Amino acid sequence: MRPLLKTVPLPLKLAGGLFLFATSVPPQLKTQAAALAQQAQQALRADPIVTMELGAGVEVGGVFASAASDDGSGLVINCQLSGGNVWAECTAFGVATETGLELVDLSVANMDAAMQGQASFTLAPTWRASAGADLVAGKFGGWTAEAAREAALEAGASHEEAERVAEAALAGGDTSAAAAAGAAAGARLARARAPEMSALRRADKAAVRRARGSRAA
């Protein structure tokens, strides 16, 4: 079961970030929280639309709040994002597996959404976010044929294109036809998600304008 994360108001995050960063994660969970934050950062950087809208090199920073299951099976962290073009935060949920904590859900919120305690959009799990970047680049080395086929279909590829992507993965590298099909599917994925990311950017600018207006008043 996903732990219930207590929402921290945005003004407190903006004013008391350093205090929250130092106290929000219990000492016994700091290692797991750091591992989950690293997975979240990899997923964000692997997503081509996040890179386009928030900027390259987005970093998962300090933790505003955390919550863990009583039995240690799940952990949720709410973190500041730095290095991007706009103020943003992310909330990551990880579950315990035999190999350690694994990211299963990741959402991003801009200033406007955070003010309302909501998310602007949700990313797919890590491997699907990575798939988006690979599809855009037409790179399939290391993918299983089934995973590559599924990723291509989810990105909007035709069944014929998805089969070419699967063939390239099965061959352990890129073929020109499969790479072209994957890049086309990745482009469709980017276009499909562009409206929600543009809305994220517009909402953030609106929040900044409102903040400036209140200060001027």
# chains A, B, ... in the order shown; residues from 1 in each chain; ligands from 1
$ select_by_dssp --residues "range 38-70 of chain A" --states "strand (DSSP E or B)" --output "PyMOL selection string"
chain A and resi 59-68
$ write_last_selection --atoms "C-alpha atoms" --output "mmCIF file, in the first residue's frame"
data_model
loop_
_atom_site.group_PDB
_atom_site.id
_atom_site.type_symbol
_atom_site.label_atom_id
_atom_site.label_comp_id
_atom_site.auth_asym_id
_atom_site.auth_seq_id
_atom_site.Cartn_x
_atom_site.Cartn_y
_atom_site.Cartn_z
ATOM 1 C CA GLU A 59 18.380 17.540 -10.495
ATOM 2 C CA VAL A 60 16.320 16.088 -7.676
ATOM 3 C CA GLY A 61 17.282 18.194 -4.675
ATOM 4 C CA GLY A 62 16.273 18.313 -1.041
ATOM 5 C CA VAL A 63 13.329 16.357 0.342
ATOM 6 C CA PHE A 64 10.402 18.468 1.567
ATOM 7 C CA ALA A 65 8.453 15.537 3.039
ATOM 8 C CA SER A 66 8.517 11.751 3.224
ATOM 9 C CA ALA A 67 6.280 8.875 4.309
ATOM 10 C CA ALA A 68 7.035 5.182 4.723
#
$ residues_around --residues "Ala40 in chain A" --least-positions-apart "4" --cutoff "9 Å" --atoms "only C-alpha atoms" --output "number ranges by chain"
A: 35-36, 44-45, 60, 90-92, 103, 105-106, 126
$ closest_residue --among "A:Asp70, A:Ala46, A:Met115, A:Val76" --to "Ala33 in chain A" --atoms "only C-alpha atoms"
A:Val76
$ closest_residue --among "A:Ile77, A:Ala43, A:Ala34, A:Leu54" --to "Arg2 in chain A" --atoms "only C-alpha atoms"
A:Ile77
